[in-house]
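Text of target15.cif (mmCIF, C-alpha atoms) as supplied:
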```cif
data_data
#
loop_
_atom_site.label_atom_id
_atom_site.label_comp_id
_atom_site.auth_asym_id
_atom_site.auth_seq_id
_atom_site.Cartn_x
_atom_site.Cartn_y
_atom_site.Cartn_z
CA MET Q 243 -56.48 -131.27 59.95
CA ALA Q 244 -57.37 -128.15 57.96
CA PHE Q 245 -59.73 -130.33 55.93
CA ALA Q 246 -61.62 -131.33 59.09
CA ALA Q 247 -61.76 -127.69 60.21
CA ASP Q 248 -63.21 -126.70 56.82
CA TYR Q 249 -65.87 -129.38 57.26
CA MET Q 250 -66.79 -127.97 60.67
CA VAL Q 251 -67.17 -124.47 59.22
CA LEU Q 252 -69.32 -125.86 56.40
CA PHE Q 253 -71.47 -127.79 58.90
CA ASP Q 254 -71.91 -124.64 60.99
CA ARG Q 255 -72.97 -122.61 57.94
CA LEU Q 256 -75.44 -125.22 56.75
CA ASP Q 257 -76.81 -125.69 60.26
CA GLU Q 258 -77.32 -121.94 60.59
CA GLU Q 259 -79.08 -121.88 57.22
CA LEU Q 260 -81.37 -124.68 58.44
CA ARG Q 261 -81.98 -122.87 61.74
CA VAL Q 262 -83.31 -119.73 60.03
CA ALA Q 263 -85.07 -121.49 57.14
CA PRO Q 264 -88.84 -120.94 57.16
CA GLN Q 265 -89.37 -124.10 55.12
CA LEU Q 266 -87.46 -126.89 53.41
CA ASP Q 267 -87.20 -126.98 49.65
CA ARG Q 268 -85.31 -128.89 46.99
CA SER Q 269 -82.45 -126.39 46.70
CA LEU Q 270 -81.77 -126.38 50.45
CA PHE Q 271 -81.91 -130.17 50.63
CA THR Q 272 -79.52 -130.38 47.67
CA LYS Q 273 -77.10 -128.05 49.48
CA ILE Q 274 -77.19 -130.37 52.46
CA ILE Q 275 -76.48 -133.44 50.36
CA VAL Q 276 -73.65 -131.78 48.43
CA GLY Q 277 -72.12 -130.15 51.51
CA ALA Q 278 -72.47 -132.77 54.23
CA CYS Q 279 -73.16 -136.16 52.68
CA LYS Q 280 -70.05 -138.10 51.73
CA ARG Q 281 -71.65 -141.42 50.84
CA ILE Q 282 -74.58 -140.13 48.79
CA SER Q 283 -72.39 -137.98 46.56
CA VAL Q 284 -69.97 -140.87 45.98
CA LEU Q 285 -72.63 -143.53 45.46
CA SER Q 286 -75.07 -141.37 43.50
CA LYS Q 287 -76.09 -144.32 41.30
CA SER Q 288 -77.03 -146.63 44.18
CA ALA Q 289 -80.58 -147.66 45.03
CA LYS Q 290 -80.53 -145.82 48.36
CA ALA Q 291 -79.40 -142.58 46.71
CA ALA Q 292 -82.15 -143.02 44.13
CA LEU Q 293 -84.67 -143.51 46.96
CA ILE Q 294 -83.58 -140.25 48.58
CA GLU Q 295 -83.87 -138.47 45.22
CA ARG Q 296 -87.43 -139.80 44.75
CA LEU Q 297 -88.38 -138.68 48.27
CA ILE Q 298 -87.02 -135.20 47.56
CA GLU Q 299 -88.93 -135.02 44.28
CA ALA Q 300 -92.12 -136.02 46.11
CA GLY Q 301 -91.55 -133.43 48.83
CA ALA Q 302 -91.43 -136.12 51.53
CA TRP Q 303 -88.95 -134.11 53.58
CA THR Q 304 -89.21 -136.07 56.84
CA ASP Q 305 -88.74 -139.42 55.10
CA ALA Q 306 -85.86 -137.98 53.05
CA ALA Q 307 -84.16 -136.62 56.19
CA LEU Q 308 -84.47 -139.98 57.95
CA ALA Q 309 -83.16 -141.76 54.84
CA VAL Q 310 -80.13 -139.43 54.75
CA ILE Q 311 -79.36 -140.30 58.38
CA ALA Q 312 -79.75 -144.04 57.72
CA PHE Q 313 -77.47 -143.85 54.68
CA GLU Q 314 -74.84 -141.38 55.93
CA LEU Q 315 -74.66 -142.31 59.61
CA PRO Q 316 -75.69 -145.98 59.87
CA ASP Q 317 -74.53 -146.18 63.50
CA TRP Q 318 -76.95 -143.43 64.53
CA GLN Q 319 -80.68 -143.92 65.13
CA LEU Q 320 -83.59 -141.71 65.99
CA ARG Q 321 -83.94 -141.75 69.76
CA ARG Q 322 -86.55 -139.07 70.39
CA LEU Q 323 -88.81 -136.88 68.28
CA GLU Q 324 -91.07 -134.67 70.36
CA TYR Q 325 -93.30 -131.67 69.72
CA ASN Q 326 -93.47 -129.18 72.57
CA ASN Q 327 -94.42 -125.49 72.72
CA GLY Q 328 -94.40 -125.04 68.94
CA GLU Q 329 -91.04 -126.72 68.34
CA TRP Q 330 -89.85 -130.16 67.35
CA PHE Q 331 -87.03 -131.65 69.41
CA CYS Q 332 -84.99 -134.40 67.78
CA SER Q 333 -82.36 -136.63 69.37
CA LEU Q 334 -80.15 -139.04 67.49
CA SER Q 335 -78.19 -141.70 69.32
CA ARG Q 336 -75.57 -144.37 68.74
CA GLY Q 337 -76.89 -146.32 71.74
CA PRO Q 338 -80.68 -145.97 71.81
CA ASN Q 339 -81.01 -148.79 74.34
CA LEU Q 340 -78.87 -147.00 76.91
CA PRO Q 341 -80.54 -144.98 79.66
CA ALA Q 342 -80.94 -141.37 78.53
CA MET Q 343 -78.55 -140.01 81.15
CA LEU Q 344 -75.74 -142.28 79.91
CA ASP Q 345 -76.30 -141.71 76.22
CA ASP Q 346 -74.34 -139.14 74.21
CA THR Q 347 -77.02 -137.81 71.87
CA ALA Q 348 -77.05 -135.34 69.01
CA ASP Q 349 -79.88 -132.93 69.80
CA ALA Q 350 -81.54 -130.17 67.79
CA ASN Q 351 -84.79 -128.29 67.53
CA HIS Q 352 -86.79 -126.37 64.94
CA GLU Q 353 -90.36 -125.36 64.27
CA LEU Q 354 -90.52 -127.85 61.38
CA MET Q 355 -89.96 -131.56 61.97
CA PRO Q 356 -87.69 -132.32 58.97
CA LEU Q 357 -85.50 -129.32 59.78
CA ALA Q 358 -85.14 -130.46 63.39
CA ILE Q 359 -84.11 -133.89 62.12
CA LEU Q 360 -81.58 -132.43 59.69
CA ARG Q 361 -80.12 -130.16 62.37
CA ALA Q 362 -79.68 -133.21 64.61
CA PHE Q 363 -78.00 -134.90 61.64
CA PHE Q 364 -75.47 -132.05 61.50
CA GLN Q 365 -74.84 -132.35 65.21
CA ALA Q 366 -74.26 -136.09 64.84
CA ARG Q 367 -72.00 -135.47 61.85
CA ARG Q 368 -69.95 -133.01 63.92
CA MET Q 369 -69.66 -135.56 66.73
CA ALA Q 370 -68.59 -138.25 64.24
CA GLU Q 371 -65.94 -135.95 62.73
CA ILE Q 372 -64.56 -135.10 66.17
CA ALA Q 373 -64.46 -138.79 67.10
CA ALA Q 374 -62.66 -139.57 63.83
CA GLN Q 375 -60.04 -136.92 64.64
CA ASP Q 376 -59.55 -138.36 68.12
CA ILE Q 377 -59.11 -141.88 66.74
CA SER Q 378 -56.64 -140.90 64.01
CA PRO Q 379 -53.25 -142.45 64.67
CA ALA Q 380 -50.86 -140.31 66.65
CA PRO Q 381 -47.20 -140.10 65.71
CA GLN Q 382 -45.27 -143.07 67.03
CA ALA Q 383 -43.43 -142.24 70.20
CA SER Q 384 -40.61 -144.39 71.35
CA ALA Q 385 -41.50 -146.36 74.46
CA PRO Q 386 -38.87 -147.76 76.77
CA GLN Q 387 -38.39 -151.48 76.46
CA VAL Q 388 -39.04 -153.45 79.66
CA SER Q 389 -37.54 -156.85 80.16
CA ALA Q 390 -39.02 -159.62 82.27
CA GLY Q 391 -37.77 -159.75 85.85
CA THR Q 392 -35.73 -162.67 87.07
CA GLY Q 393 -37.06 -162.68 90.64
CA ASN Q 394 -40.16 -164.26 92.12
CA ILE Q 395 -43.58 -163.24 90.84
CA ILE Q 396 -46.33 -162.70 93.41
CA CYS Q 397 -50.03 -162.11 92.68
CA CYS Q 398 -51.38 -159.33 94.90
CA ASP Q 399 -55.06 -159.50 93.88
CA ASN Q 400 -57.61 -160.22 96.58
CA PHE Q 401 -60.14 -162.67 95.15
CA ALA Q 402 -62.15 -163.04 98.35
#
```

As structure tokens, what does this structure read like?
Amino acid sequence: MAFAADYMVLFDRLDEELRVAPQLDRSLFTKIIVGACKRISVLSKSAKAALIERLIEAGAWTDAALAVIAFELPDWQLRRLEYNNGEWFCSLSRGPNLPAMLDDTADANHELMPLAILRAFFQARRMAEIAAQDISPAPQASAPQVSAGTGNIICCDNFA
């Protein structure tokens, strides 16, 4: 689990760097891809990775951020992107059709739209890592064996 803890520290550092960044540039976006994107770095020759590279070269930061989310976290979708009082608020969701109060969203904000989206990406990545740790198989515990009873079986459910 030390590996997962190292990832969390890396995510926190990159998120903090995004939080204080006055603008997004190629070097910062490259840090994000190298530090937080598992699929892009492995499949660097794929068409989707090439698309992200072209978007970065063109300076299309918002499109590149959304492409990173689509490629890295295919279960997550943009739920809300709102500008209010000089800041962009971004919410990513695994269940965008759920009512907002029932949905577990990854939320972030920043003065620049692509940075708000990327910060929400880090929040979603953290949530995905935590969920992966929770799902990992636990050591097998011995459970007592129960044999079928030999007496009468009665259903106690009330179907009325």

So what does the PyMOL selection byres ((chain Q and resi 275-279) around 12) actually pick up in this one, as an mmCIF file with C-alpha atoms, in the coordinates of the input?
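Saved the output as selection-v9.cif:
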```cif
data_model
loop_
_atom_site.group_PDB
_atom_site.id
_atom_site.type_symbol
_atom_site.label_atom_id
_atom_site.label_comp_id
_atom_site.auth_asym_id
_atom_site.auth_seq_id
_atom_site.Cartn_x
_atom_site.Cartn_y
_atom_site.Cartn_z
ATOM 1 C CA ALA Q 246 -61.620 -131.330 59.090
ATOM 2 C CA ASP Q 248 -63.210 -126.700 56.820
ATOM 3 C CA TYR Q 249 -65.870 -129.380 57.260
ATOM 4 C CA MET Q 250 -66.790 -127.970 60.670
ATOM 5 C CA VAL Q 251 -67.170 -124.470 59.220
ATOM 6 C CA LEU Q 252 -69.320 -125.860 56.400
ATOM 7 C CA PHE Q 253 -71.470 -127.790 58.900
ATOM 8 C CA ASP Q 254 -71.910 -124.640 60.990
ATOM 9 C CA ARG Q 255 -72.970 -122.610 57.940
ATOM 10 C CA LEU Q 256 -75.440 -125.220 56.750
ATOM 11 C CA ASP Q 257 -76.810 -125.690 60.260
ATOM 12 C CA ARG Q 268 -85.310 -128.890 46.990
ATOM 13 C CA SER Q 269 -82.450 -126.390 46.700
ATOM 14 C CA LEU Q 270 -81.770 -126.380 50.450
ATOM 15 C CA PHE Q 271 -81.910 -130.170 50.630
ATOM 16 C CA THR Q 272 -79.520 -130.380 47.670
ATOM 17 C CA LYS Q 273 -77.100 -128.050 49.480
ATOM 18 C CA ILE Q 274 -77.190 -130.370 52.460
ATOM 19 C CA LYS Q 280 -70.050 -138.100 51.730
ATOM 20 C CA ARG Q 281 -71.650 -141.420 50.840
ATOM 21 C CA ILE Q 282 -74.580 -140.130 48.790
ATOM 22 C CA SER Q 283 -72.390 -137.980 46.560
ATOM 23 C CA VAL Q 284 -69.970 -140.870 45.980
ATOM 24 C CA LEU Q 285 -72.630 -143.530 45.460
ATOM 25 C CA SER Q 286 -75.070 -141.370 43.500
ATOM 26 C CA ALA Q 291 -79.400 -142.580 46.710
ATOM 27 C CA ILE Q 294 -83.580 -140.250 48.580
ATOM 28 C CA GLU Q 295 -83.870 -138.470 45.220
ATOM 29 C CA ILE Q 298 -87.020 -135.200 47.560
ATOM 30 C CA ALA Q 306 -85.860 -137.980 53.050
ATOM 31 C CA ALA Q 307 -84.160 -136.620 56.190
ATOM 32 C CA ALA Q 309 -83.160 -141.760 54.840
ATOM 33 C CA VAL Q 310 -80.130 -139.430 54.750
ATOM 34 C CA ILE Q 311 -79.360 -140.300 58.380
ATOM 35 C CA ALA Q 312 -79.750 -144.040 57.720
ATOM 36 C CA PHE Q 313 -77.470 -143.850 54.680
ATOM 37 C CA GLU Q 314 -74.840 -141.380 55.930
ATOM 38 C CA LEU Q 315 -74.660 -142.310 59.610
ATOM 39 C CA LEU Q 360 -81.580 -132.430 59.690
ATOM 40 C CA ARG Q 361 -80.120 -130.160 62.370
ATOM 41 C CA PHE Q 363 -78.000 -134.900 61.640
ATOM 42 C CA PHE Q 364 -75.470 -132.050 61.500
ATOM 43 C CA GLN Q 365 -74.840 -132.350 65.210
ATOM 44 C CA ALA Q 366 -74.260 -136.090 64.840
ATOM 45 C CA ARG Q 367 -72.000 -135.470 61.850
ATOM 46 C CA ARG Q 368 -69.950 -133.010 63.920
ATOM 47 C CA GLU Q 371 -65.940 -135.950 62.730
#
```

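Comparing the minimum interatomic distances between Leu320 (chain Q) and each of Q:Ala300, Q:Cys332, Q:Ile372, Q:Leu266, counting all atoms listed in the file, we find that Q:Cys332 sits nearest.
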
Neighbour list for Asp317 (chain Q) as a ChimeraX atom specification, cut-off 9 Å, all atoms listed in the file, skip fewer than 5 positions in-chain: /Q:312,335-337

Quote the spacing between CA of Trp330 (chain Q) and CA of Asp346 (chain Q) in Å to one decimal place.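 According to the coordinates, CA of Trp330 (chain Q) and CA of Asp346 (chain Q) are separated by 19.2 Å.
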
Any chance you could work out the residue set of the PyMOL selection byres ((chain Q and resi 304) around 8) here, as an MDAnalysis selection string? chainID Q and resid 302:303 305:308 355:356 359

If I take CA of Asp349 (chain Q) and CA of Phe331 (chain Q), how far is one from the other in Å, to one decimal?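 Those two atoms sit 7.3 Å apart.
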
When you draw a straight line from CA of Glu329 (chain Q) to CA of Met369 (chain Q), how long is it in Å?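 According to the coordinates, CA of Glu329 (chain Q) and CA of Met369 (chain Q) are separated by 23.2 Å.
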
Quick one: apply the PyMOL selection byres ((chain Q and resi 321) around 7) to the file and drop the selected residues here as a PyMOL selection string. chain Q and resi 319-320+322+333-335+338

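Residue nearest Ala348 (chain Q) within the list Q:Glu299, Q:Pro264, Q:Ala362, Q:Asn400: Q:Ala362 [criterion: smallest interatomic distance, all atoms listed in the file].
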
Given only C-alpha atoms as the basis, pick out the residue of Q:Ala292, Q:Pro316, Q:Leu297, Q:Asn326 nearest to Asn351 (chain Q).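 Checking each of Q:Ala292, Q:Pro316, Q:Leu297, Q:Asn326 against Asn351 (chain Q), counting only C-alpha atoms, the winner is Q:Asn326.
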
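If all atoms listed in the file are the atoms counted, then among Q:Leu260, Q:Ala373, Q:Leu344, Q:Leu354 the closest residue to Glu324 (chain Q) is Q:Leu354.
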
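In this comparison, which uses only C-alpha atoms, the residue of Q:Val262, Q:Asp345, Q:Asn327, Q:Trp318 approaching Ala370 (chain Q) most closely is Q:Trp318.
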